[in-house]
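A.B. asks: Provided herewith: target_10.tsv, TSV, C-alpha atoms.
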```tsv
chain	number	residue	atom	x	y	z
A	29	MET	CA	-18.90	65.13	-21.92
A	30	ASP	CA	-20.81	65.94	-18.70
A	31	THR	CA	-18.80	65.47	-15.50
A	32	LEU	CA	-19.69	65.58	-11.82
A	33	PRO	CA	-18.53	68.58	-9.78
A	34	ALA	CA	-15.29	67.90	-7.95
A	35	ASP	CA	-16.93	68.08	-4.51
A	36	LEU	CA	-19.61	65.54	-5.48
A	37	LEU	CA	-17.07	63.28	-7.19
A	38	ALA	CA	-14.95	63.19	-4.04
A	39	HIS	CA	-17.91	61.91	-2.03
A	40	ALA	CA	-19.42	59.62	-4.65
A	41	PRO	CA	-19.61	56.03	-3.36
A	42	LEU	CA	-17.21	53.65	-5.04
A	43	PRO	CA	-18.86	50.62	-6.64
A	44	ASP	CA	-18.48	47.39	-4.67
A	45	VAL	CA	-16.12	44.82	-6.07
A	46	THR	CA	-18.18	41.84	-7.16
A	47	TRP	CA	-17.38	38.18	-7.68
A	48	SER	CA	-18.17	36.13	-10.78
A	49	ILE	CA	-19.94	32.81	-10.34
A	50	ALA	CA	-16.69	30.99	-11.17
A	51	GLU	CA	-14.86	32.93	-8.45
A	52	VAL	CA	-17.59	32.13	-5.93
A	53	GLU	CA	-17.37	28.44	-6.84
A	54	ARG	CA	-13.60	28.40	-6.34
A	55	ASP	CA	-13.78	30.30	-3.05
A	56	THR	CA	-16.67	28.47	-1.39
A	57	GLY	CA	-16.64	25.06	-3.03
A	58	LEU	CA	-20.31	25.48	-3.98
A	59	GLY	CA	-20.95	24.48	-7.57
A	60	LYS	CA	-22.37	26.84	-10.18
A	61	ASP	CA	-25.44	24.66	-10.68
A	62	THR	CA	-26.04	24.61	-6.92
A	63	LEU	CA	-25.88	28.42	-6.73
A	64	ARG	CA	-28.39	28.77	-9.58
A	65	VAL	CA	-30.77	26.24	-8.02
A	66	TRP	CA	-30.65	28.01	-4.65
A	67	GLU	CA	-31.35	31.31	-6.37
A	68	ARG	CA	-34.59	29.90	-7.78
A	69	ARG	CA	-35.61	27.69	-4.88
A	70	TYR	CA	-34.68	29.77	-1.82
A	71	GLY	CA	-34.35	33.31	-3.18
A	72	PHE	CA	-30.68	33.42	-2.19
A	73	PRO	CA	-28.12	34.31	-3.37
A	74	THR	CA	-29.40	37.34	-5.29
A	75	PRO	CA	-26.55	38.35	-7.60
A	76	GLY	CA	-26.64	41.42	-9.78
A	77	ARG	CA	-25.47	41.47	-13.38
A	78	ASP	CA	-22.25	42.84	-14.79
A	79	ALA	CA	-21.85	44.74	-18.05
A	80	ALA	CA	-21.83	41.47	-19.97
A	81	GLY	CA	-25.02	40.26	-18.28
A	82	GLU	CA	-23.23	37.65	-16.15
A	83	ARG	CA	-24.02	37.04	-12.49
A	84	ALA	CA	-22.07	39.32	-10.13
A	85	TYR	CA	-22.06	38.51	-6.41
A	86	PRO	CA	-21.42	41.23	-3.79
A	87	PRO	CA	-18.92	40.43	-1.01
A	88	ALA	CA	-21.62	40.23	1.67
A	89	GLN	CA	-23.37	37.42	-0.19
A	90	VAL	CA	-20.09	35.57	-0.70
A	91	GLN	CA	-19.46	35.76	3.05
A	92	ARG	CA	-22.92	34.35	3.77
A	93	LEU	CA	-22.27	31.54	1.28
A	94	ARG	CA	-19.09	30.69	3.18
A	95	LEU	CA	-21.09	30.33	6.40
A	96	ILE	CA	-23.64	28.16	4.62
A	97	LYS	CA	-20.88	25.94	3.24
A	98	ARG	CA	-19.45	25.43	6.71
A	99	LEU	CA	-22.83	24.28	8.00
A	100	LEU	CA	-23.35	21.99	5.01
A	101	ASP	CA	-19.97	20.41	5.64
A	102	ALA	CA	-21.05	19.91	9.25
A	103	GLY	CA	-23.97	17.78	8.03
A	104	LEU	CA	-26.92	20.18	7.77
A	105	ARG	CA	-29.17	20.29	4.71
A	106	PRO	CA	-29.55	23.26	2.33
A	107	GLY	CA	-33.25	23.73	3.05
A	108	LYS	CA	-32.47	24.37	6.71
A	109	VAL	CA	-29.65	26.86	6.28
A	110	VAL	CA	-29.80	28.66	2.90
A	111	PRO	CA	-32.86	30.82	3.77
A	112	LEU	CA	-31.24	32.08	7.03
A	113	ASP	CA	-29.66	35.50	7.40
A	114	ASP	CA	-26.11	36.11	8.61
A	115	ALA	CA	-27.01	36.39	12.30
A	116	GLN	CA	-29.04	33.18	12.22
A	117	LEU	CA	-26.24	31.35	10.42
A	118	GLU	CA	-23.67	32.51	12.95
A	119	ALA	CA	-25.94	31.42	15.81
A	120	LEU	CA	-26.49	28.00	14.24
A	121	LEU	CA	-22.76	27.58	13.66
A	122	ALA	CA	-22.05	28.47	17.29
A	123	GLN	CA	-24.69	25.99	18.40
A	124	ALA	CA	-23.21	23.30	16.15
A	125	ARG	CA	-19.81	23.84	17.77
A	126	SER	CA	-21.13	23.52	21.31
A	127	GLU	CA	-24.14	21.21	20.95
A	128	PRO	CA	-23.93	19.25	17.69
A	129	ALA	CA	-27.08	17.17	18.26
A	130	ALA	CA	-29.23	20.20	19.14
A	131	ALA	CA	-28.17	21.94	15.94
A	132	GLY	CA	-29.03	18.95	13.81
A	133	VAL	CA	-25.38	18.00	13.28
A	134	ALA	CA	-24.24	14.41	13.61
A	135	PRO	CA	-22.28	14.00	16.85
A	136	PRO	CA	-18.53	13.73	16.39
A	137	THR	CA	-17.02	10.29	16.10
A	138	ALA	CA	-15.30	9.14	19.26
A	139	LEU	CA	-11.76	8.68	17.99
A	140	GLY	CA	-9.84	9.27	21.19
A	141	PRO	CA	-6.48	11.03	20.86
A	142	TRP	CA	-5.14	12.45	17.64
A	143	PRO	CA	-4.11	9.61	15.30
A	144	GLY	CA	-0.59	8.47	14.69
A	145	ASP	CA	2.17	9.31	17.13
A	146	PRO	CA	0.46	10.84	20.22
A	147	ASP	CA	3.37	13.26	20.50
A	148	THR	CA	2.74	14.66	17.02
A	149	PRO	CA	1.05	18.06	17.55
A	150	TRP	CA	-1.10	18.04	14.40
A	151	LEU	CA	-3.56	20.67	15.57
A	152	ARG	CA	-0.87	23.05	16.83
A	153	TRP	CA	1.00	22.77	13.54
A	154	MET	CA	-2.13	23.67	11.61
A	155	THR	CA	-3.04	26.61	13.83
A	156	GLU	CA	0.52	27.89	13.42
A	157	ASN	CA	0.38	27.40	9.63
A	158	ARG	CA	3.25	24.90	9.73
A	159	THR	CA	2.07	22.81	6.83
A	160	ASP	CA	5.71	21.96	6.15
A	161	LEU	CA	5.77	19.97	9.40
A	162	VAL	CA	2.42	18.35	8.61
A	163	LYS	CA	3.75	17.28	5.21
A	164	GLN	CA	7.00	15.95	6.66
A	165	ALA	CA	5.20	13.92	9.33
A	166	LEU	CA	2.82	12.40	6.77
A	167	GLN	CA	5.70	11.49	4.47
A	168	GLN	CA	7.64	9.88	7.31
A	169	HIS	CA	4.59	7.87	8.35
A	170	ILE	CA	4.24	6.52	4.81
A	171	LEU	CA	7.94	5.56	4.74
A	172	ARG	CA	7.68	3.74	8.07
A	173	HIS	CA	4.29	2.08	7.71
A	174	GLY	CA	3.41	2.07	4.01
A	175	LEU	CA	0.77	3.92	2.00
A	176	GLY	CA	-2.18	1.63	2.76
A	177	PRO	CA	-1.84	1.59	6.57
A	178	THR	CA	-1.18	5.34	6.56
A	179	VAL	CA	-4.43	6.05	4.69
A	180	GLU	CA	-6.44	3.68	6.86
A	181	GLN	CA	-4.94	4.33	10.30
A	182	LEU	CA	-3.82	7.96	10.04
A	183	VAL	CA	-5.30	9.92	7.15
A	184	ALA	CA	-8.94	8.88	7.50
A	185	PRO	CA	-9.24	9.57	11.27
A	186	LEU	CA	-7.08	12.68	10.95
A	187	CYS	CA	-9.57	14.16	8.46
A	188	VAL	CA	-12.38	13.63	10.98
A	189	HIS	CA	-10.38	15.31	13.74
A	190	VAL	CA	-9.56	18.28	11.51
A	191	GLY	CA	-13.24	18.64	10.61
A	192	GLU	CA	-14.20	18.63	14.27
A	193	ALA	CA	-11.51	21.21	15.10
A	194	TRP	CA	-12.79	23.44	12.31
A	195	LEU	CA	-16.36	23.09	13.56
A	196	ARG	CA	-15.27	24.10	17.06
A	197	GLY	CA	-13.64	27.20	15.60
A	198	GLU	CA	-10.10	26.06	16.38
A	199	LEU	CA	-9.13	26.14	12.69
A	200	SER	CA	-10.08	28.74	10.10
A	201	VAL	CA	-11.41	27.90	6.65
A	202	TYR	CA	-8.09	28.70	5.00
A	203	GLN	CA	-6.22	26.49	7.49
A	204	GLU	CA	-8.54	23.57	6.77
A	205	HIS	CA	-8.00	24.17	3.04
A	206	LEU	CA	-4.21	24.24	3.54
A	207	PHE	CA	-4.38	20.93	5.39
A	208	THR	CA	-6.47	19.36	2.62
A	209	GLU	CA	-4.13	20.57	-0.13
A	210	THR	CA	-1.08	19.37	1.82
A	211	LEU	CA	-2.64	15.97	2.36
A	212	GLN	CA	-3.60	15.64	-1.30
A	213	SER	CA	-0.07	16.59	-2.35
A	214	VAL	CA	1.46	13.91	-0.12
A	215	LEU	CA	-0.95	11.23	-1.31
A	216	ARG	CA	-0.35	12.05	-4.97
A	217	GLU	CA	3.42	11.82	-4.42
A	218	ALA	CA	3.01	8.47	-2.68
A	219	ILE	CA	0.77	7.13	-5.44
A	220	ALA	CA	3.31	8.22	-8.06
A	221	ALA	CA	6.03	6.42	-6.09
A	222	VAL	CA	3.97	3.23	-6.08
A	223	ASP	CA	3.49	3.50	-9.85
A	224	ALA	CA	7.20	4.15	-10.39
A	225	SER	CA	8.33	1.27	-8.19
A	226	GLY	CA	7.99	-1.19	-11.07
A	227	GLN	CA	6.54	-3.83	-8.78
A	228	ALA	CA	4.02	-4.80	-11.47
A	229	LEU	CA	2.56	-3.59	-14.71
A	230	GLN	CA	-0.82	-1.90	-14.41
A	231	ARG	CA	-3.50	-4.54	-14.69
A	232	ARG	CA	-7.22	-4.81	-14.99
A	233	PRO	CA	-9.68	-3.79	-13.84
A	234	ARG	CA	-9.44	-0.48	-15.67
A	235	VAL	CA	-10.87	2.00	-13.17
A	236	LEU	CA	-12.40	5.41	-13.91
A	237	LEU	CA	-12.30	7.68	-10.83
A	238	THR	CA	-14.39	10.83	-10.52
A	239	THR	CA	-17.30	12.48	-8.69
A	240	THR	CA	-20.73	13.50	-9.97
A	241	PRO	CA	-21.64	17.15	-10.75
A	242	SER	CA	-22.61	18.37	-7.28
A	243	GLU	CA	-19.64	16.73	-5.51
A	244	LEU	CA	-16.55	18.95	-5.35
A	245	HIS	CA	-14.68	17.01	-2.63
A	246	GLY	CA	-11.97	14.75	-4.02
A	247	LEU	CA	-10.07	13.62	-0.93
A	248	GLY	CA	-12.09	10.43	-0.44
A	249	LEU	CA	-11.52	9.56	-4.10
A	250	LEU	CA	-7.78	10.09	-3.69
A	251	MET	CA	-7.70	7.79	-0.65
A	252	ALA	CA	-9.45	5.11	-2.68
A	253	GLU	CA	-7.00	5.64	-5.54
A	254	SER	CA	-4.17	4.87	-3.13
A	255	PHE	CA	-5.50	1.35	-2.73
A	256	PHE	CA	-6.19	0.94	-6.45
A	257	ALA	CA	-2.54	1.88	-7.04
A	258	LEU	CA	-1.35	-0.66	-4.47
A	259	GLU	CA	-3.32	-3.30	-6.40
A	260	SER	CA	-1.61	-2.17	-9.65
A	261	CYS	CA	-4.93	-1.25	-11.26
A	262	HIS	CA	-4.99	0.76	-14.48
A	263	ARG	CA	-6.48	4.06	-13.27
A	264	LEU	CA	-8.06	6.92	-15.20
A	265	ALA	CA	-8.82	9.95	-13.01
A	266	LEU	CA	-11.17	12.71	-14.22
A	267	GLY	CA	-11.08	14.84	-11.08
A	268	THR	CA	-14.25	16.09	-9.40
A	269	SER	CA	-17.67	17.30	-10.52
A	270	THR	CA	-17.96	15.55	-13.89
A	271	PRO	CA	-21.35	15.72	-15.70
A	272	VAL	CA	-23.15	12.37	-15.90
A	273	ALA	CA	-23.15	12.39	-19.71
A	274	ASP	CA	-19.36	12.87	-19.74
A	275	ILE	CA	-18.84	10.07	-17.23
A	276	VAL	CA	-20.83	7.74	-19.47
A	277	LEU	CA	-18.93	8.88	-22.57
A	278	ALA	CA	-15.57	8.38	-20.84
A	279	ALA	CA	-16.58	4.90	-19.65
A	280	GLN	CA	-17.51	3.98	-23.21
A	281	GLN	CA	-14.50	5.40	-25.01
A	282	LEU	CA	-11.92	4.39	-22.40
A	283	GLN	CA	-13.39	0.88	-22.12
A	284	VAL	CA	-13.33	0.84	-18.34
A	285	ASP	CA	-14.31	-2.07	-16.13
A	286	VAL	CA	-15.12	-0.14	-12.95
A	287	LEU	CA	-16.48	3.33	-12.24
A	288	ALA	CA	-15.33	4.49	-8.78
A	289	LEU	CA	-17.25	7.39	-7.18
A	290	SER	CA	-17.05	9.18	-3.85
A	291	TYR	CA	-19.72	11.21	-2.02
A	292	SER	CA	-18.85	13.39	0.97
A	293	ALA	CA	-21.12	13.91	3.95
A	294	HIS	CA	-22.91	17.00	2.58
A	295	ALA	CA	-24.26	15.22	-0.54
A	296	SER	CA	-28.05	14.97	-0.52
A	297	ARG	CA	-30.07	11.84	-1.15
A	298	ARG	CA	-30.90	13.17	-4.60
A	299	ASP	CA	-27.21	13.80	-5.32
A	300	VAL	CA	-26.41	10.20	-4.50
A	301	VAL	CA	-29.41	8.08	-5.48
A	302	ASP	CA	-30.57	9.92	-8.60
A	303	THR	CA	-27.14	10.29	-10.20
A	304	LEU	CA	-26.27	6.68	-9.47
A	305	GLN	CA	-29.53	5.53	-11.07
A	306	GLN	CA	-28.77	7.60	-14.17
A	307	LEU	CA	-25.31	6.06	-14.40
A	308	VAL	CA	-26.51	2.49	-13.89
A	309	ASP	CA	-29.09	3.02	-16.65
A	310	GLN	CA	-26.63	4.52	-19.13
A	311	LEU	CA	-23.25	2.88	-18.54
A	312	PRO	CA	-22.06	0.21	-20.98
A	313	ARG	CA	-22.96	-3.35	-20.09
A	314	GLY	CA	-20.41	-4.91	-17.78
A	315	VAL	CA	-19.14	-1.70	-16.16
A	316	GLU	CA	-19.37	-2.05	-12.38
A	317	VAL	CA	-20.10	0.94	-10.13
A	318	TRP	CA	-18.21	1.10	-6.82
A	319	VAL	CA	-19.10	3.93	-4.44
A	320	GLY	CA	-17.91	5.14	-1.05
A	321	GLY	CA	-18.15	8.08	1.32
A	322	ALA	CA	-20.25	9.26	4.23
A	323	ALA	CA	-23.34	10.10	2.16
A	324	VAL	CA	-23.38	6.64	0.60
A	325	ALA	CA	-23.63	5.03	4.04
A	326	LEU	CA	-26.45	7.43	4.95
A	327	HIS	CA	-28.53	6.71	1.83
A	328	ARG	CA	-27.51	3.11	1.28
A	329	ARG	CA	-31.05	1.70	1.30
A	330	GLY	CA	-32.05	3.71	-1.76
A	331	LEU	CA	-29.08	2.80	-3.95
A	332	PRO	CA	-29.75	1.12	-7.31
A	333	GLU	CA	-29.36	-2.62	-7.52
A	334	GLY	CA	-25.88	-3.78	-8.46
A	335	VAL	CA	-23.95	-0.85	-6.99
A	336	THR	CA	-21.04	-1.99	-4.81
A	337	VAL	CA	-20.64	-0.01	-1.58
A	338	LEU	CA	-17.17	0.45	-0.11
A	339	ARG	CA	-17.55	1.26	3.57
A	340	ARG	CA	-13.82	1.98	3.93
A	341	ALA	CA	-11.18	2.87	1.38
A	342	ASN	CA	-9.17	-0.26	2.17
A	343	GLU	CA	-12.07	-2.45	0.98
A	344	VAL	CA	-10.82	-1.61	-2.53
A	345	ASN	CA	-8.23	-4.38	-2.11
A	346	LEU	CA	-10.82	-7.09	-1.51
A	347	GLN	CA	-13.09	-5.88	-4.31
A	348	VAL	CA	-10.25	-5.78	-6.84
A	349	ARG	CA	-9.13	-9.29	-5.96
A	350	ALA	CA	-12.71	-10.56	-6.14
A	351	TRP	CA	-13.12	-8.89	-9.56
A	352	ARG	CA	-9.98	-10.59	-10.85
A	353	LEU	CA	-11.15	-13.96	-9.60
A	354	ARG	CA	-14.53	-13.52	-11.32
A	355	HIS	CA	-12.90	-12.59	-14.62
A	356	GLY	CA	-10.09	-15.15	-14.55
A	357	THR	CA	-6.35	-14.89	-14.99
A	358	ALA	CA	-6.69	-14.32	-18.76
A	359	LEU	CA	-7.75	-10.75	-18.02
A	360	ALA	CA	-5.13	-10.09	-15.35
A	361	TRP	CA	-2.81	-8.04	-17.59
A	362	ASP	CA	-3.83	-5.03	-19.61
A	363	GLY	CA	-1.23	-3.80	-22.05
A	364	ALA	CA	-3.14	-0.63	-22.95
A	365	ALA	CA	-1.34	2.60	-22.13
```
What's the structure tokens form of this structure?

C.D. replies:
Amino acid sequence: MDTLPADLLAHAPLPDVTWSIAEVERDTGLGKDTLRVWERRYGFPTPGRDAAGERAYPPAQVQRLRLIKRLLDAGLRPGKVVPLDDAQLEALLAQARSEPAAAGVAPPTALGPWPGDPDTPWLRWMTENRTDLVKQALQQHILRHGLGPTVEQLVAPLCVHVGEAWLRGELSVYQEHLFTETLQSVLREAIAAVDASGQALQRRPRVLLTTTPSELHGLGLLMAESFFALESCHRLALGTSTPVADIVLAAQQLQVDVLALSYSAHASRRDVVDTLQQLVDQLPRGVEVWVGGAAVALHRRGLPEGVTVLRRANEVNLQVRAWRLRHGTALAWDGAA
């Protein structure tokens, strides 16, 4: 076997470590389909191929994708940011932090001081990586005020504040992710406690909760589920990014009454309107579609007829009670497991 001379071998460049498309999806939150579409439409990313012929992304491209994701989460559209190079992305991100309107970013919501107890140093805890204190404070708030008021009065505005702090560069990506995971953990525990309280058997409507393929954010869905739990609804959660065909199949086989969907701010008009039209056309007769999230409010005029828009998570309560009135007390209890 031929070998390189020792002196050449010592100076031979080591191959860069590359990322698979699944690893890029997990790290950035950008879906595999989205990455492939951008590759064709914008000429970026430009992955190589590994020995098996699969896409292999160099670290520099992954870093640029992280910057793009931050700008998408801030409200910009892919066509404006994906074609930019690293320097342009950094400049746009800096501009978005200092002058949101000039950068094409929606101005921050005027929420006043941090929500909840004004003496609770949420931001300091997150910058110091004290997620244990964040978790404890959230749990105590639920114990004192209840799950519903906590979601409405604390969690929802807190998420906006955290997003603004991240945009200003006060929180890193990993710190924002830690906050989100901590919050989801607390909400899931609280929902489980509601289910275990024995206050009522789960009743109709039977609700299927998920997001469509391009939507990887599940926090809004979890906040809505909190209110479905408080109304003792029978809930079937599929997680995020479910293909339309599988949503339809699940609705058919699980015999659901309501499909609940959430769209975060970065979802495009096509993500929202087109997928909802497909679902309305294909879902079994009688299945209602309830949707919420920032992108739904933005594209509300184009939504298919018959879709129910939830402007706030706590509107779930009113919609569930209205559904039960429409369908009568005979359907109030569902003995299915």

A.B. asks: Show which residues sit within 12 Å of Gln164 (chain A), as a VMD selection string. Count only C-alpha atoms, and ignore same-chain residues fewer than 4 positions away.

C.D. replies: chain A and resid 148 150 153 158 to 160 168 to 171 210 to 211 213 to 214

A.B. asks: Would you pick out the contacts of Ala218 (chain A) at 12 Å or less, using all atoms listed in the file, so that residues sharing its chain but fewer than 5 positions from it are not included, and give the list as a PyMOL selection string?

C.D. replies: chain A and resi 163+166-171+174-176+178-179+211-213+223-225+250-251+253-255+257-258

A.B. asks: Work out how far CA of Val52 (chain A) is from CA of Ala79 (chain A), in Å to one decimal.

C.D. replies: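 Distance reported for this atom pair: 18.0 Å.
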
A.B. asks: Between CA of Val286 (chain A) and CA of Val344 (chain A), what distance in Å does the model show, to one decimal?

C.D. replies: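 Those two atoms sit 11.4 Å apart.
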
A.B. asks: With all atoms listed in the file counted, which protein, DNA or RNA residues have an atom no more than 8 Å from (-29.1, 12.2, 4.6) in the file frame? Please answer as a list in words.

C.D. replies: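 Residues found, by chain and rising number: Ala295, Ser296, Arg297, Ala323, Leu326 and His327 of chain A.
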
A.B. asks: With the cut-off set at 12 Å and counting all atoms listed in the file, tabulate each residue of region 202-293 of chain A with an atom at most that distance from an atom of region 86-98 of chain A, showing the nearest atom pair and its distance in Å to one decimal, ordered by chain and increasing number, as JSON lines.

C.D. replies:
```
{"residue": "A:Tyr202", "atom": "CA", "partner": "A:Arg94", "partner_atom": "CA", "distance": 11.3}
{"residue": "A:Glu204", "atom": "CA", "partner": "A:Arg98", "partner_atom": "CA", "distance": 11.1}
{"residue": "A:Leu244", "atom": "CA", "partner": "A:Lys97", "partner_atom": "CA", "distance": 11.9}
{"residue": "A:Ala293", "atom": "CA", "partner": "A:Arg98", "partner_atom": "CA", "distance": 12.0}
```

A.B. asks: To one decimal place, how far is CA of Ala322 (chain A) from CA of Arg231 (chain A) in Å?

C.D. replies: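 These atoms are spaced 28.8 Å apart.
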
A.B. asks: Select, from A:Val110, A:Asp274, A:Ser242, A:Leu264, the residue with the minimum atom-to-atom distance to Glu53 (chain A), counting all atoms listed in the file.

C.D. replies: A:Ser242

A.B. asks: Against region 56-65 of chain A, which residues of region 252-277 of chain A fall within 12 Å? For each one I want the closest pair of atoms and the distance in Å (one decimal), counting all atoms listed in the file, rows by chain and increasing residue number, as a Markdown table.

C.D. replies:
```
| residue | atom | partner | partner_atom | distance |
| --- | --- | --- | --- | --- |
| A:Thr268 | CA | A:Gly59 | CA | 10.9 |
| A:Ser269 | CA | A:Gly59 | CA | 8.4 |
| A:Thr270 | CA | A:Gly59 | CA | 11.3 |
| A:Pro271 | CA | A:Asp61 | CA | 11.0 |
```

A.B. asks: So which one's closest to Glu316 (chain A), A:Gly267, A:Gly103, A:Gly246, A:Pro233? Using all atoms listed in the file, please.

C.D. replies: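 With all atoms listed in the file as the atom set, the closest residue is A:Pro233.
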
A.B. asks: Determine the axis-aligned bounding box of all atoms of region 157-172 of chain A present in the file, pad each side by 3 Å, and express its centre and edge lengths in Å to one decimal place as lines of an AutoDock Vina configuration file.

C.D. replies:
```
center_x = 4.2
center_y = 15.6
center_z = 7.1
size_x = 13.6
size_y = 29.7
size_z = 11.3
```

A.B. asks: Counting only C-alpha atoms, which of A:Ala252, A:Leu161, A:Val317, A:Tyr291 gets nearest to Ile275 (chain A)?

C.D. replies: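 The shortest atom-to-atom distance to Ile275 (chain A) comes from A:Val317.
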
A.B. asks: Which residue, A:Asp302, A:Val272, A:Ala341, A:Arg232, has the smallest gap to Leu353 (chain A) when you use only C-alpha atoms?

C.D. replies: A:Arg232
